[in-house]
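Quick notes on the structure that follows.
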2 protein chains.
Amino acid sequence: MDAISVIRAKRDGGRLSDAQIDWIIDAYTRGEVAHEQMSALAMAIFLTGMDRAEIARWTAAMIASGERMDFSSLPRPTADKHSTGGVGDKITLPLAPLVAACGAAVPQLSGRGLGHTGGTLDKLESIPGWRASLSNDDMLDVLRSVGSVICAAGDGLAPADKKLYALRDVTGTVESIPLIASSIMSKKIAEGTGSLVLDVKVGSGAFMKDIDAARELATTMVGLGTDHGVRTTALLTDMATPLGLTAGNALEVRESVEVLAGGGPADVVELTLALAREMLDAAGLPDADPAKALADGTAMDHWRRMITAQGGDADASLPVAREQHIVTAESTGVLTRLDAYAVGVAAWRLGAGRARKEDPVQAGAGIEIHAKPGDQVTAGQPLLTLHTDTPAAFTYALEALDGATDYAPEGTAFTSKPIVLERIA
Amino acid sequence: MDAISVIRAKRDGGRLSDAQIDWIIDAYTRGEVAHEQMSALAMAIFLTGMDRAEIARWTAAMIASGERMDFSSLPRPTADKHSTGGVGDKITLPLAPLVAACGAAVPQLSGRGLGHTGGTLDKLESIPGWRASLSNDDMLDVLRSVGSVICAAGDGLAPADKKLYALRDVTGTVESIPLIASSIMSKKIAEGTGSLVLDVKVGSGAFMKDIDAARELATTMVGLGTDHGVRTTALLTDMATPLGLTAGNALEVRESVEVLAGGGPADVVELTLALAREMLDAAGLPDADPAKALADGTAMDHWRRMITAQGGDADASLPVAREQHIVTAESTGVLTRLDAYAVGVAAWRLGAGRARKEDPVQAGAGIEIHAKPGDQVTAGQPLLTLHTDTPAAFTYALEALDGATDYAPEGTAFTSKPIVLERIA
């Protein structure tokens, strides 16, 4: 077996055999297959695809490259959620303690942001004292005592995927359904959850810009999970406009706490509850009532215990950026579009995100949104407040926002899209 | 400008701008663009192509990555030849001194073999004392005194191509017309020749298996040469069966010397003369008579002077392999096929070629051919003699030769294909 023959087989439109897949994933993990060989193969897969059986084997080979976690000793059923990433997507923050409050165990291994979508760990790190890195034993302790934990995935899970993900990121081979599906599912299956709900974002702020591609990705991932004995469902959800009224790290923590306090923007509450119900159903707890757990403070109680268990001060004030700039509405009328991608790129440029893995993020940077599509606005009223510690970034953020809004004449009827577009099981 | 945006542009089927091409070739040469990024781009080019203007710019950028040689101080017109590589293709050896004997200057910068096709320098290095590496000054001296020189290209010519060629070799991105054409032509144009004849091989033993692809490659290269002011023509020539009666290093030198002595196999003589006439025409010497220079010994005289000028002993005995194995004809009748690729792979496995750039080659290893397609044979008569210093290689060589021959009943009419299939100017 050699790398060139595997690359050529895929390049020429063939399918890879199980033996070829097992060999190349293992040899790449061990460093026998070079980065430049794997990137050529990734591009060949990007352009010629893989069939369902190839994707399943590729995923299994990535799982086999590392350890698998085991939550069978926990007294509660486990439930996990994964989002393909969007702008203002802080849902994991209220969702994990909410589902724990309803009786499931939520082992939420999360990542950092790269590019225009934020990362859950970056958001939580804006809370003074909070630590993302836990040993496996500490993670299990928090899961037992609180019921939910949000932390960084250890290096032992699917190391082949870690290596390949970093490679794809610099070689223009990210947006491939076989590669995205196998990457997400290898990590989630190796994590050992019993059930999984996928939040597959669709729209300008998502990797998947159109619903057909999102549906294909969701169907592929649901099939992979099911084949590996994980009860898996997916919701396709709208990412044409940012979720909620904030994009940025501390800004999104603040909005998440509002939701846990029983308030918060309607779209964030709606999606949090929809995903909570999916997770609880999949975990075998269909009678749990997440709306009640939000209203009666038990979700907030779990949040505070979860943050505290990881060293965070749940009562501390959150960081605030040093500089603000207000963007006003250009027209009077109905705001019909606020582009998620533009807002995501602007927040990233303000310092909420990073260009390279090594870069730090600003805890206070980001964007507050004062009007959403469907809202009546008056020319000159505040539409967005931009926050940053580095005011030179305002220019670049404003460039990103150029053309991000549309308006219709006052009184025009506007029907918002639902947040949840489709359910795939 | 960044590598990912260039890769994505090509991946998504777009064309690269001049600025993108100039930047990525320069940045890759300097090491700013990583190997894994360039290999992803190479695979994207392999699968989505480049148009003529992109190939021209890509070639120009590779030329600009290094120095250009200048032969304008020579009193004779310069003529060069490039073969895309075949089995038993020793034509450069008799051709260079022959064309020099007819009045042109032939600066033949050559390479080593990799894979199943042999390399001109490997062949000449079987001559005791002969040195492939010359300084630019020494090379000009030999050109002035002898009229022809065959030596290794210096590191200064098209360094971007050297880097990219080595990368393509290990990433399954070799057989791409835009990448092959730009690689060959960047080196040849940087060498500074005034005219160039391309020998584009077609058939099982060539990179191009079918004539349409070969024609496209030839047309692309002739266009590139012409655009850069080099008088360029191409011959498409047959590589379904090995050229001549030998494949291997010292074996091919011996056959070349036979041609220079006025003998040698008819196909080698025919192709040598056809290419010589093309080169002399392109160099503005249409009245030269290469057949006469072969017959009257002036070509041989130039060969001896050329070998001597590079330290070689033109009278020394050539190395002979330690072990022989004879392959006999399976049937009585007309040999209708002797597969070039199979013979090339077998010679390679016997030690005439190398698997990796660092590997040595055996001077004496290779294959002698006792019958060619069209010849009448008797079952059991010697068909091939395999030569090697490492007899364990016989098994692997014989595996490669399995199925390499076809026979027709005695007396069946057989029409051989001409050596020169088409001319492109």
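Residue numbering restarts at 1 in every chain; chains get A, B, ... in the order shown in the structure tokens, and ligands count up from 1 in that same order.
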Please determine the contact residues of chain A with respect to chain B at a cut-off of 7 Å, counting only C-alpha atoms, and supply them as a PDB file with all heavy atoms, in the first residue's frame.
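Below is the file that was written, selection.pdb:
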ATOM      1  N   ILE A   4       0.605   7.246  -2.955  1.00  0.00           N
ATOM      2  CA  ILE A   4       0.351   7.707  -4.323  1.00  0.00           C
ATOM      3  C   ILE A   4      -0.752   6.888  -4.980  1.00  0.00           C
ATOM      4  O   ILE A   4      -1.633   7.432  -5.654  1.00  0.00           O
ATOM      5  CB  ILE A   4       1.657   7.678  -5.146  1.00  0.00           C
ATOM      6  CG1 ILE A   4       2.678   8.634  -4.517  1.00  0.00           C
ATOM      7  CG2 ILE A   4       1.394   8.070  -6.597  1.00  0.00           C
ATOM      8  CD1 ILE A   4       4.047   8.569  -5.150  1.00  0.00           C
ATOM      9  N   ILE A   7      -4.097   8.054  -3.611  1.00  0.00           N
ATOM     10  CA  ILE A   7      -4.445   9.371  -4.168  1.00  0.00           C
ATOM     11  C   ILE A   7      -4.926   9.220  -5.614  1.00  0.00           C
ATOM     12  O   ILE A   7      -5.945   9.797  -6.011  1.00  0.00           O
ATOM     13  CB  ILE A   7      -3.228  10.329  -4.122  1.00  0.00           C
ATOM     14  CG1 ILE A   7      -2.798  10.604  -2.677  1.00  0.00           C
ATOM     15  CG2 ILE A   7      -3.548  11.640  -4.850  1.00  0.00           C
ATOM     16  CD1 ILE A   7      -1.424  11.281  -2.569  1.00  0.00           C
ATOM     17  N   ARG A   8      -4.187   8.431  -6.390  1.00  0.00           N
ATOM     18  CA  ARG A   8      -4.545   8.277  -7.802  1.00  0.00           C
ATOM     19  C   ARG A   8      -5.900   7.610  -7.969  1.00  0.00           C
ATOM     20  O   ARG A   8      -6.681   7.971  -8.856  1.00  0.00           O
ATOM     21  CB  ARG A   8      -3.469   7.467  -8.528  1.00  0.00           C
ATOM     22  CG  ARG A   8      -2.150   8.234  -8.675  1.00  0.00           C
ATOM     23  CD  ARG A   8      -1.024   7.308  -9.133  1.00  0.00           C
ATOM     24  NE  ARG A   8      -1.335   6.734 -10.406  1.00  0.00           N
ATOM     25  CZ  ARG A   8      -0.662   6.957 -11.534  1.00  0.00           C
ATOM     26  NH1 ARG A   8       0.371   7.787 -11.512  1.00  0.00           N
ATOM     27  NH2 ARG A   8      -1.016   6.391 -12.648  1.00  0.00           N
ATOM     28  N   HIS A  35       1.934  15.374   5.008  1.00  0.00           N
ATOM     29  CA  HIS A  35       0.852  16.358   4.898  1.00  0.00           C
ATOM     30  C   HIS A  35       0.510  16.651   3.441  1.00  0.00           C
ATOM     31  O   HIS A  35      -0.659  16.772   3.078  1.00  0.00           O
ATOM     32  CB  HIS A  35       1.250  17.665   5.590  1.00  0.00           C
ATOM     33  CG  HIS A  35       1.255  17.587   7.080  1.00  0.00           C
ATOM     34  ND1 HIS A  35       0.161  17.230   7.809  1.00  0.00           N
ATOM     35  CD2 HIS A  35       2.243  17.808   7.979  1.00  0.00           C
ATOM     36  CE1 HIS A  35       0.447  17.253   9.104  1.00  0.00           C
ATOM     37  NE2 HIS A  35       1.719  17.593   9.221  1.00  0.00           N
ATOM     38  N   GLU A  36       1.558  16.794   2.593  1.00  0.00           N
ATOM     39  CA  GLU A  36       1.273  17.184   1.207  1.00  0.00           C
ATOM     40  C   GLU A  36       0.567  16.063   0.454  1.00  0.00           C
ATOM     41  O   GLU A  36      -0.131  16.318  -0.523  1.00  0.00           O
ATOM     42  CB  GLU A  36       2.545  17.625   0.472  1.00  0.00           C
ATOM     43  CG  GLU A  36       3.687  16.633   0.489  1.00  0.00           C
ATOM     44  CD  GLU A  36       4.650  16.881   1.634  1.00  0.00           C
ATOM     45  OE1 GLU A  36       4.200  17.310   2.726  1.00  0.00           O
ATOM     46  OE2 GLU A  36       5.856  16.625   1.451  1.00  0.00           O
ATOM     47  N   GLN A  37       0.750  14.823   0.901  1.00  0.00           N
ATOM     48  CA  GLN A  37       0.028  13.723   0.267  1.00  0.00           C
ATOM     49  C   GLN A  37      -1.423  13.720   0.737  1.00  0.00           C
ATOM     50  O   GLN A  37      -2.354  13.582  -0.062  1.00  0.00           O
ATOM     51  CB  GLN A  37       0.719  12.397   0.597  1.00  0.00           C
ATOM     52  CG  GLN A  37       2.121  12.345  -0.016  1.00  0.00           C
ATOM     53  CD  GLN A  37       2.885  11.084   0.312  1.00  0.00           C
ATOM     54  OE1 GLN A  37       2.930  10.667   1.461  1.00  0.00           O
ATOM     55  NE2 GLN A  37       3.504  10.495  -0.696  1.00  0.00           N
ATOM     56  N   SER A  39      -3.139  16.253   1.779  1.00  0.00           N
ATOM     57  CA  SER A  39      -3.880  17.409   1.255  1.00  0.00           C
ATOM     58  C   SER A  39      -4.268  17.180  -0.207  1.00  0.00           C
ATOM     59  O   SER A  39      -5.345  17.607  -0.639  1.00  0.00           O
ATOM     60  CB  SER A  39      -3.090  18.711   1.426  1.00  0.00           C
ATOM     61  OG  SER A  39      -1.987  18.755   0.568  1.00  0.00           O
ATOM     62  N   ALA A  40      -3.412  16.499  -0.966  1.00  0.00           N
ATOM     63  CA  ALA A  40      -3.785  16.164  -2.353  1.00  0.00           C
ATOM     64  C   ALA A  40      -4.975  15.213  -2.348  1.00  0.00           C
ATOM     65  O   ALA A  40      -5.913  15.353  -3.152  1.00  0.00           O
ATOM     66  CB  ALA A  40      -2.590  15.543  -3.084  1.00  0.00           C
ATOM     67  N   MET A  43      -8.137  17.138  -1.448  1.00  0.00           N
ATOM     68  CA  MET A  43      -8.663  17.894  -2.593  1.00  0.00           C
ATOM     69  C   MET A  43      -9.334  16.948  -3.598  1.00  0.00           C
ATOM     70  O   MET A  43     -10.377  17.286  -4.183  1.00  0.00           O
ATOM     71  CB  MET A  43      -7.548  18.697  -3.262  1.00  0.00           C
ATOM     72  CG  MET A  43      -8.011  19.560  -4.423  1.00  0.00           C
ATOM     73  SD  MET A  43      -9.300  20.783  -3.980  1.00  0.00           S
ATOM     74  CE  MET A  43      -8.260  22.090  -3.272  1.00  0.00           C
ATOM     75  N   ALA A  44      -8.762  15.782  -3.803  1.00  0.00           N
ATOM     76  CA  ALA A  44      -9.389  14.809  -4.714  1.00  0.00           C
ATOM     77  C   ALA A  44     -10.749  14.376  -4.159  1.00  0.00           C
ATOM     78  O   ALA A  44     -11.714  14.242  -4.921  1.00  0.00           O
ATOM     79  CB  ALA A  44      -8.466  13.615  -4.920  1.00  0.00           C
ATOM     80  N   VAL A 170      -5.948  24.894   6.166  1.00  0.00           N
ATOM     81  CA  VAL A 170      -4.974  25.710   5.430  1.00  0.00           C
ATOM     82  C   VAL A 170      -4.845  25.306   3.963  1.00  0.00           C
ATOM     83  O   VAL A 170      -4.025  25.867   3.237  1.00  0.00           O
ATOM     84  CB  VAL A 170      -3.570  25.679   6.095  1.00  0.00           C
ATOM     85  CG1 VAL A 170      -3.626  26.280   7.491  1.00  0.00           C
ATOM     86  CG2 VAL A 170      -2.988  24.274   6.138  1.00  0.00           C
ATOM     87  N   THR A 171      -5.646  24.339   3.518  1.00  0.00           N
ATOM     88  CA  THR A 171      -5.480  23.858   2.142  1.00  0.00           C
ATOM     89  C   THR A 171      -6.752  23.989   1.310  1.00  0.00           C
ATOM     90  O   THR A 171      -6.852  23.367   0.242  1.00  0.00           O
ATOM     91  CB  THR A 171      -5.012  22.383   2.119  1.00  0.00           C
ATOM     92  OG1 THR A 171      -5.959  21.579   2.852  1.00  0.00           O
ATOM     93  CG2 THR A 171      -3.643  22.234   2.749  1.00  0.00           C
ATOM     94  N   GLY A 172      -7.708  24.798   1.782  1.00  0.00           N
ATOM     95  CA  GLY A 172      -8.905  25.027   0.970  1.00  0.00           C
ATOM     96  C   GLY A 172      -9.749  23.780   0.775  1.00  0.00           C
ATOM     97  O   GLY A 172     -10.395  23.623  -0.259  1.00  0.00           O
TER      98      GLY A 172
END
Problem set entry | Within 10 Å of A:Ile419 using only C-alpha atoms, minus same-chain residues under 2 positions, as a VMD selection string | chain A and resid 201 235 to 240 243 267 to 268 270 to 271 274 416 to 417 421 to 422
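In terms of minimum interatomic distance to A:Ala282, A:Asp80 ranks closest within A:Asp141, A:Asp80, A:Glu252, A:Asp406, counting only C-alpha atoms.
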Problem set entry | Atomic separation - atom CA of A:Gly147 relative to atom CA of A:Thr298, Å |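 One can read the atom CA of A:Thr298 to atom CA of A:Gly147 distance as 12.1 Å.
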Exercise. Where in stretch 74-226 of chain A does DSSP assign helix (DSSP H, G or I), given as a PyMOL selection string?
Worked result: chain A and resi 92-101+120-124+136-145+159-170+177-190+211-226
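Taking atom CA of B:Val420 and atom CA of B:Ala56 as endpoints, the distance between them is 27.1 Å.
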Exercise. Which residues, written as a PyMOL selection string, have at least one atom at most 12 Å from B:Leu275, with only C-alpha atoms counted and residues fewer than 4 positions away on the same chain left out?
Worked result: chain B and resi 79-83+91-92+94-96+98-99+196-200+233-237+268-271+279-282+290-291+419-420+423
